[in-house]
Structures are given as structure tokens and as C-alpha cells.
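Trainee: You'll find run.txt just under this line, and it carries compact mmCIF, C-alpha atoms.
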# COMPACT_ATOMS: atom_id res chain seq x y z
CA MET A 1132 104.48 -39.14 -42.84
CA ALA A 1133 100.80 -38.57 -43.07
CA SER A 1134 99.12 -40.11 -46.08
CA THR A 1135 98.44 -37.91 -49.09
CA ILE A 1136 95.04 -39.56 -49.35
CA ARG A 1137 91.91 -38.62 -47.48
CA VAL A 1138 88.84 -40.67 -48.18
CA ARG A 1139 85.35 -40.89 -46.79
CA ALA A 1140 83.11 -43.76 -47.87
CA VAL A 1141 79.62 -43.72 -46.42
CA ILE A 1142 76.95 -46.30 -47.12
CA SER A 1143 73.31 -45.38 -47.47
CA GLY A 1144 70.91 -48.11 -48.53
CA ASP A 1145 72.83 -50.27 -51.03
CA THR A 1146 74.99 -47.46 -52.33
CA THR A 1147 78.38 -46.39 -51.01
CA GLU A 1148 79.25 -42.77 -51.68
CA VAL A 1149 82.97 -42.14 -51.84
CA GLN A 1150 84.61 -38.73 -51.56
CA SER A 1151 88.35 -38.40 -51.73
CA LEU A 1152 90.90 -35.61 -51.50
CA ILE A 1153 94.53 -36.14 -52.43
CA ARG A 1154 97.40 -33.83 -51.57
CA HIS A 1155 99.29 -33.31 -54.83
CA PRO A 1156 100.65 -30.21 -56.65
CA MET A 1157 99.07 -31.19 -60.02
CA ASP A 1158 101.45 -28.83 -61.84
CA SER A 1159 100.11 -28.26 -65.35
CA GLY A 1160 103.44 -27.65 -67.07
CA PHE A 1161 102.21 -24.25 -68.32
CA VAL A 1162 102.90 -22.17 -65.21
CA LYS A 1163 106.16 -20.24 -64.65
CA ASP A 1164 107.85 -19.85 -61.28
CA SER A 1165 109.05 -16.51 -59.83
CA LYS A 1166 112.24 -16.69 -61.97
CA GLY A 1167 110.25 -17.11 -65.17
CA GLN A 1168 111.13 -20.80 -65.54
CA LEU A 1169 108.38 -23.23 -66.55
CA ILE A 1170 107.44 -25.58 -63.74
CA PRO A 1171 107.39 -29.03 -65.37
CA ALA A 1172 104.12 -30.96 -65.45
CA HIS A 1173 103.66 -33.06 -62.32
CA HIS A 1174 100.28 -34.68 -61.98
CA ILE A 1175 98.51 -37.84 -60.89
CA GLU A 1176 97.88 -40.12 -63.87
CA VAL A 1177 95.84 -42.94 -62.38
CA LEU A 1178 93.75 -43.02 -59.20
CA GLN A 1179 92.09 -46.31 -58.41
CA PHE A 1180 89.52 -47.49 -55.88
CA GLU A 1181 89.10 -51.17 -55.07
CA HIS A 1182 86.53 -53.03 -53.06
CA GLY A 1183 86.16 -56.78 -52.57
CA GLY A 1184 88.93 -57.65 -55.03
CA LYS A 1185 87.33 -55.57 -57.78
CA THR A 1186 88.17 -52.13 -59.13
CA VAL A 1187 85.09 -49.98 -58.55
CA PHE A 1188 86.39 -46.72 -60.02
CA THR A 1189 89.40 -45.53 -62.01
CA ALA A 1190 90.27 -41.90 -62.62
CA LEU A 1191 92.64 -41.08 -65.49
CA TRP A 1192 93.84 -37.56 -64.89
CA GLY A 1193 95.69 -35.03 -66.98
CA PRO A 1194 97.41 -31.87 -65.76
CA ALA A 1195 94.11 -29.91 -65.97
CA VAL A 1196 92.81 -31.46 -62.77
CA SER A 1197 93.01 -28.94 -59.92
CA LYS A 1198 95.73 -28.93 -57.26
CA ASP A 1199 94.91 -31.19 -54.29
CA PRO A 1200 92.31 -33.01 -56.38
CA TYR A 1201 88.85 -33.97 -55.21
CA VAL A 1202 86.62 -36.66 -56.64
CA LYS A 1203 83.25 -38.10 -55.73
CA PHE A 1204 81.51 -41.25 -57.02
CA SER A 1205 79.14 -43.98 -55.79
CA PHE A 1206 79.04 -47.74 -56.17
CA LYS A 1207 76.81 -50.64 -55.16
CA GLY A 1208 77.79 -53.78 -53.28
CA GLY A 1209 79.65 -52.29 -50.31
CA LYS A 1210 78.91 -53.10 -46.68
CA LYS A 1211 79.64 -51.19 -43.51
CA GLY A 1212 83.14 -52.07 -42.26
CA ASP A 1213 84.37 -53.30 -45.68
CA ASP A 1214 87.85 -52.34 -46.84
CA LEU A 1215 88.18 -49.80 -49.64
CA LYS A 1216 91.65 -49.43 -51.10
CA VAL A 1217 92.68 -46.15 -52.69
CA SER A 1218 95.90 -45.87 -54.68
CA TRP A 1219 97.45 -43.39 -57.08
CA VAL A 1220 100.52 -43.06 -59.28
CA ASP A 1221 101.83 -39.84 -60.86
CA ASN A 1222 103.81 -39.00 -64.01
CA LYS A 1223 107.09 -39.02 -62.05
CA GLY A 1224 106.46 -42.53 -60.76
CA ALA A 1225 105.55 -41.48 -57.22
CA SER A 1226 102.63 -43.29 -55.64
CA ASP A 1227 100.64 -43.71 -52.46
CA SER A 1228 97.88 -45.95 -51.20
CA LEU A 1229 95.50 -46.15 -48.29
CA MET A 1230 93.11 -48.74 -46.93
CA ALA A 1231 89.89 -47.17 -45.65
CA LYS A 1232 86.75 -48.62 -44.09
CA ILE A 1233 83.25 -48.05 -45.38
CA GLN A 1234 81.25 -46.24 -42.69
CA MET B 379 144.50 -77.56 -57.28
CA THR B 380 141.78 -77.61 -59.92
CA ASP B 381 139.44 -79.59 -57.68
CA PHE B 382 139.90 -77.04 -54.99
CA SER B 383 138.89 -74.10 -57.22
CA GLU B 384 136.08 -75.93 -59.07
CA ALA B 385 134.15 -76.80 -55.93
CA PRO B 386 133.17 -73.31 -54.78
CA ARG B 387 132.42 -72.19 -58.34
CA TYR B 388 129.97 -75.02 -58.77
CA ALA B 389 128.44 -74.24 -55.42
CA ARG B 390 127.96 -70.61 -56.36
CA ARG B 391 126.28 -71.52 -59.65
CA THR B 392 123.89 -73.82 -57.80
CA ILE B 393 122.98 -71.06 -55.41
CA LEU B 394 122.35 -68.66 -58.31
CA LYS B 395 120.18 -71.21 -60.09
CA SER B 396 118.09 -71.93 -57.07
CA ALA B 397 117.71 -68.21 -56.39
CA VAL B 398 116.37 -67.67 -59.92
CA ALA B 399 114.01 -70.64 -59.57
CA GLY B 400 112.87 -69.43 -56.18
CA GLY B 401 112.22 -65.98 -57.60
CA LEU B 402 110.08 -67.39 -60.40
CA LEU B 403 108.21 -69.60 -57.98
CA GLY B 404 107.60 -66.60 -55.75
CA LEU B 405 106.21 -64.61 -58.67
CA GLY B 406 103.95 -67.46 -59.69
CA LEU B 407 102.52 -67.83 -56.23
CA GLY B 408 102.21 -64.10 -55.71
CA SER B 409 100.11 -63.55 -58.79
CA PHE B 410 97.83 -66.55 -58.32
CA PRO B 411 95.92 -66.81 -55.05
CA PHE B 412 96.23 -63.38 -53.40
CA PRO B 413 95.48 -60.62 -55.90
CA ALA B 414 92.80 -59.12 -53.65
CA PHE B 415 94.18 -55.58 -53.92
CA ALA B 416 96.45 -54.12 -56.59
CA ASP B 417 97.91 -50.64 -56.89
CA ALA B 418 97.10 -48.00 -59.49
CA ASN B 419 99.24 -48.70 -62.54
CA ALA B 420 100.63 -45.93 -64.73
CA LYS B 421 100.30 -48.30 -67.73
CA ASP B 422 96.53 -47.69 -67.61
CA TRP B 423 97.06 -44.00 -68.40
CA PRO B 424 96.10 -43.15 -72.02
CA ALA B 425 99.01 -40.75 -72.69
CA ASP B 426 98.02 -40.17 -76.33
CA ALA B 427 94.46 -39.08 -75.51
CA PHE B 428 95.76 -36.30 -73.27
CA LYS B 429 97.82 -34.68 -76.09
CA HIS B 430 95.07 -33.59 -78.47
CA LYS B 431 93.80 -30.09 -79.20
CA SER B 432 90.34 -30.93 -80.53
CA GLU B 433 87.31 -32.76 -79.19
CA ALA B 434 87.13 -35.12 -82.18
CA ASP B 435 90.81 -36.16 -82.00
CA THR B 436 90.60 -36.68 -78.24
CA LEU B 437 87.52 -38.91 -78.45
CA LYS B 438 89.07 -40.87 -81.30
CA ALA B 439 92.21 -41.49 -79.23
CA LEU B 440 90.28 -42.34 -76.08
CA TYR B 441 87.33 -44.34 -77.40
CA GLY B 442 87.91 -44.69 -81.16
CA LYS B 443 84.59 -43.07 -82.08
CA THR B 444 82.58 -39.85 -82.16
CA ALA B 445 79.87 -38.60 -79.80
CA GLU B 446 76.31 -37.46 -80.42
CA ALA B 447 74.54 -34.89 -78.24
CA SER B 448 72.13 -36.34 -75.70
CA ASP B 449 69.81 -34.85 -73.09
CA LYS B 450 70.48 -37.96 -70.98
CA VAL B 451 73.94 -36.61 -70.14
CA SER B 452 73.82 -33.98 -67.43
CA LEU B 453 76.69 -31.59 -66.95
CA ASP B 454 76.72 -29.46 -63.83
CA VAL B 455 79.05 -26.47 -64.10
CA PRO B 456 79.09 -22.96 -62.68
CA GLU B 457 77.95 -20.29 -65.14
CA ILE B 458 80.83 -18.08 -64.04
CA ALA B 459 84.01 -19.39 -62.45
CA GLU B 460 85.82 -16.67 -60.57
CA ASN B 461 88.91 -18.81 -60.14
CA GLY B 462 89.87 -20.89 -63.17
CA ALA B 463 92.24 -22.96 -61.05
CA VAL B 464 89.38 -24.67 -59.25
CA VAL B 465 86.17 -25.16 -61.21
CA PRO B 466 83.74 -27.69 -59.74
CA ILE B 467 82.32 -29.89 -62.49
CA ALA B 468 79.95 -32.85 -62.14
CA VAL B 469 78.70 -35.27 -64.78
CA ALA B 470 75.88 -37.78 -64.47
CA SER B 471 73.80 -39.82 -66.85
CA THR B 472 70.63 -41.87 -66.89
CA LEU B 473 71.86 -43.88 -69.89
CA PRO B 474 72.16 -47.67 -69.45
CA LYS B 475 75.42 -49.68 -69.31
CA VAL B 476 77.71 -46.72 -68.76
CA THR B 477 81.38 -47.73 -68.89
CA GLY B 478 83.16 -44.40 -69.09
CA ILE B 479 82.90 -40.67 -68.51
CA ALA B 480 85.26 -38.04 -69.92
CA ILE B 481 85.42 -34.30 -69.36
CA LEU B 482 86.90 -31.98 -71.98
CA VAL B 483 87.70 -28.28 -71.68
CA LEU B 484 87.91 -27.11 -75.28
CA GLU B 485 89.99 -23.95 -74.73
CA ASN B 486 92.62 -25.61 -72.52
CA PRO B 487 96.05 -26.31 -74.10
CA ASN B 488 95.10 -30.00 -74.27
CA VAL B 489 91.37 -30.55 -74.22
CA LEU B 490 91.06 -33.77 -72.22
CA ALA B 491 90.99 -32.96 -68.50
CA ALA B 492 89.89 -36.24 -66.95
CA ALA B 493 88.51 -39.63 -67.95
CA TYR B 494 86.84 -42.12 -65.64
CA LYS B 495 86.27 -45.84 -65.98
CA ILE B 496 82.89 -46.90 -64.64
CA PRO B 497 82.70 -50.65 -64.00
CA ASP B 498 79.43 -52.54 -63.62
CA GLY B 499 77.89 -51.64 -60.24
CA THR B 500 79.31 -48.12 -60.15
CA GLN B 501 76.93 -45.26 -60.82
CA ALA B 502 77.24 -43.05 -63.88
CA SER B 503 78.00 -39.99 -61.80
CA VAL B 504 81.23 -38.22 -60.95
CA ALA B 505 82.18 -34.88 -59.44
CA ASN B 506 85.62 -33.30 -59.57
CA ARG B 507 87.46 -29.97 -59.79
CA LEU B 508 89.26 -28.89 -62.92
CA LYS B 509 91.51 -26.07 -64.12
CA MET B 510 90.34 -23.81 -66.93
CA ALA B 511 92.76 -21.52 -68.78
CA LYS B 512 89.99 -19.17 -69.92
CA THR B 513 86.29 -18.97 -70.78
CA SER B 514 85.52 -22.20 -72.57
CA LYS B 515 82.98 -24.74 -73.60
CA VAL B 516 83.10 -27.78 -71.33
CA VAL B 517 82.03 -31.09 -72.85
CA ALA B 518 80.93 -34.14 -70.89
CA VAL B 519 81.11 -37.43 -72.77
CA VAL B 520 79.49 -40.64 -71.56
CA GLU B 521 80.19 -44.06 -73.04
CA SER B 522 76.99 -46.10 -72.86
CA ASP B 523 76.53 -49.54 -74.38
CA GLY B 524 79.49 -48.96 -76.67
CA LYS B 525 78.33 -45.56 -77.98
CA LEU B 526 79.30 -42.02 -77.03
CA TYR B 527 76.88 -39.32 -75.92
CA SER B 528 77.76 -35.77 -74.95
CA ALA B 529 76.51 -32.56 -73.39
CA ALA B 530 78.23 -29.17 -73.47
CA LYS B 531 78.05 -25.93 -71.52
CA GLU B 532 79.96 -22.67 -71.58
CA VAL B 533 81.78 -21.59 -68.42
CA LYS B 534 82.92 -17.98 -68.11
CA VAL B 535 86.26 -17.72 -66.39
CA THR B 536 87.23 -14.45 -64.70
CA VAL B 537 90.81 -15.39 -63.74
CA GLY B 538 92.46 -18.20 -65.72
CA GLY B 539 93.90 -21.19 -63.94
CA CYS B 540 96.59 -22.33 -66.34
CA GLY B 541 98.77 -19.34 -67.18
CA GLY B 542 101.57 -17.78 -65.16
Spell out the structure here as C-alpha cells.

Mentor:
Amino acid sequence: MASTIRVRAVISGDTTEVQSLIRHPMDSGFVKDSKGQLIPAHHIEVLQFEHGGKTVFTALWGPAVSKDPYVKFSFKGGKKGDDLKVSWVDNKGASDSLMAKIQ
Amino acid sequence: MTDFSEAPRYARRTILKSAVAGGLLGLGLGSFPFPAFADANAKDWPADAFKHKSEADTLKALYGKTAEASDKVSLDVPEIAENGAVVPIAVASTLPKVTGIAILVLENPNVLAAAYKIPDGTQASVANRLKMAKTSKVVAVVESDGKLYSAAKEVKVTVGGCGG
């Protein structure tokens, strides 16, 4: 199965800009389905980025983050070809992770 | 007779004991020299902070303090969001020693939308996409050197992104 995580980490100067898209329903818990039943909340809780044995960014998300969430941030200390690990866990205990390379 | 039945029982106990010891040893080794990459842990999620209906209660739960307005917090939002399900929102700050950024949508059922931890070496800048139930004030909060600073803007929502 294809990963739910897409990530692009590009270095420019001493700063690595990271953009990531995750495939996830991010159900808010306030929306009803076609039968009028509430769809229970289902959202990513923690999304973490690690580089060189150190967490460089942590997102703590509630159900108000849009479906198929997108996030962008930048950090210093990366080098071209370095590993960047992305991992997430949701409120139902599902998780995924991906190892990407800084370009 | 008894000797015959004792022998295997003892053997089994020994195997169990060594399995337990081996397991502990494995854990000890696993957590010591190779913790290069860990996975996101749901224990880090501040469940309580995501339950509040007001800005003050949310910030108290998340950071244990209140925020003051600052022009060093920049909040980039659309003036009008045609689709409340996907509203692009970016926060940045020129404040020193930033350790956290939070985004609150005051008219949403629970006001805290997202919180970010910014370790040393990571820039005080984040962009994401949030859902907005209706027209609302959006508040960006930045934790800098142990204090909270905020900026707020109103976003008009044409079609809400939370209701059904």
C-alpha cells in the first residue's frame, strides 16, 4: 500500500524547508452522514518530524485541521541527502511513518 | 513417578524465566544505544487543551498562562474563505526563543485547532489548512522565552466547514 505521507524537504542555504501532505479523513465528529448519523471524530493527533536523532517539529492536531492535512515549516542543520523521518498517530491508534531524504 | 513429572515442569519454568530475562535485556538494549528515530506518540497529545470553548481556558490548559497582543506575531489568513473546510492559515514570528505556536478559531465548537512544538533550530513559522465552522476570529499564539504573545484576525466564511 502506498504511504499516506508525502513529504518534500528542500535545502536552501542552511535552512531546510519541509512541506508535507498526509492522506487522512480528519473527521471532525460534527458532520452527519447521508443517513443522518454523526460520523465519529477521526483525526491525526501527533505528527512528528525527526532529523539527526532530534525532533525538529511536532504538530498536535485537533479535528479542526482540514482533510488530507498540509503543513509547512523550516529548520536549520540539515544537509542534502540526510534522512528525515515523518510519523503520525491518530485518535484511533492508527499510525504511519516514512523516511525521506533532504533534497 | 514424581521424578518423572517434576523434571519437565522445572524445565518449563526455567524456559519461562529465561524468556522474561531475555525480554528485559532486549528492552534495555533497545532503549539505550539506538534511539536515532522514534515514532509519533499519542501520549504527547494534550487532550484537555482541545476540549475548551474559550481562548483563555485553552491557553491555560496548553501553556498555563495568558497571552498579550504583539505586532511581532504575524498571522496570514484570507479575508474571505469561500470554503470553510479548507482555510489556509500561516503564522510566523520575529520573537526570540520561540518554543511553540498555537492556532485558535474562536467560533469553532472547540477553539484549539492546532498546536506546534518548535525546538531550537526550527524557525518560528508554520503554514497549514484548517476547518472553520463559520465566520470567526482566528488567533495565533506564539510562546517566546516562556511568555505568550498573540495576534488575531477575522476571517469571513461563506460556506462552513464543520456542519453537516

Trainee: Do you have the atom CA of A:His1155-atom CA of A:Ile1136 distance handy?

Mentor: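 Separating atom CA of A:His1155 from atom CA of A:Ile1136 is a distance of 9.3 Å.
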
Trainee: Up to 7 Å from chain B, what residues of chain A turn up? Count all atoms listed in the file and give them as a count of residues only.

Mentor: 31

Trainee: To one decimal in Å, tell me the separation between atom CA of B:His430 and atom CA of A:Asp1227.

Mentor: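 Rounded to one decimal, the two atoms are 28.5 Å apart.
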
Trainee: Quote the spacing between atom CA of A:Leu1152 and atom CA of A:Asp1221 in Å to one decimal place.

Mentor: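 Taking atom CA of A:Leu1152 and atom CA of A:Asp1221, their separation equals 15.0 Å.
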
Trainee: With a distance cut-off of 7 Å and only C-alpha atoms, select the neighbouring residues of A:Ala1172, excluding the residue or stretch itself and same-chain residues fewer than 2 positions from it, and output the selection as a list in words.

Mentor: Asp1158, Ser1159, Gly1160, Ile1170, His1174 and Pro1194 of chain A

Trainee: Okay, now the selection with C-alpha atoms, as a PDB file, in the coordinates of the input?

Mentor:
ATOM      1  CA  ASP A1158     101.450 -28.830 -61.840  1.00  0.00           C
ATOM      2  CA  SER A1159     100.110 -28.260 -65.350  1.00  0.00           C
ATOM      3  CA  GLY A1160     103.440 -27.650 -67.070  1.00  0.00           C
ATOM      4  CA  ILE A1170     107.440 -25.580 -63.740  1.00  0.00           C
ATOM      5  CA  HIS A1174     100.280 -34.680 -61.980  1.00  0.00           C
ATOM      6  CA  PRO A1194      97.410 -31.870 -65.760  1.00  0.00           C
TER       7      PRO A1194
END

Trainee: Rank B:Glu460, B:Val537, B:Lys531, B:Lys515 by their smallest atom-to-atom distance to B:Glu485, using all atoms listed in the file, and report the top residue only.

Mentor: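 Under the stated criterion, the closest residue is B:Lys515.
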
Trainee: Excluding A:Leu1215 and its own-chain neighbours fewer than 6 positions away, which residues fall within 6 Å of it when counting all atoms listed in the file? Please give them as an MDAnalysis selection string.

Mentor: chainID A and resid 1181:1182 1230:1232

Trainee: Choose the residue, out of A:Gly1212, A:Thr1135, A:Phe1180, A:Gly1224, that has the smallest atom-to-atom separation from A:Gln1150; count only C-alpha atoms.

Mentor: A:Phe1180

Trainee: Return as AutoDock Vina command-line options the box centre and box size in Å, one decimal, for an axis-aligned box around all listed atoms of stretch 1220-1224 of chain A padded by 8 Å per side.

Mentor:
--center_x 103.8 --center_y -41.0 --center_z -61.6 --size_x 22.6 --size_y 20.1 --size_z 20.7

Trainee: Using all atoms listed in the file, pick whichever of A:Ser1226, A:Ser1165, A:Gln1234, A:Ser1143 has the shortest atom-to-atom distance to A:Asp1213.

Mentor: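 Comparing A:Ser1226, A:Ser1165, A:Gln1234, A:Ser1143 against A:Asp1213, the winner is A:Gln1234.
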
Trainee: Taking all atoms listed in the file into account, which of B:Ser514, B:Thr477, B:Ser528, B:Ser432 comes nearest B:Val451?

Mentor: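 For B:Val451, the nearest of the given residues is B:Ser528.
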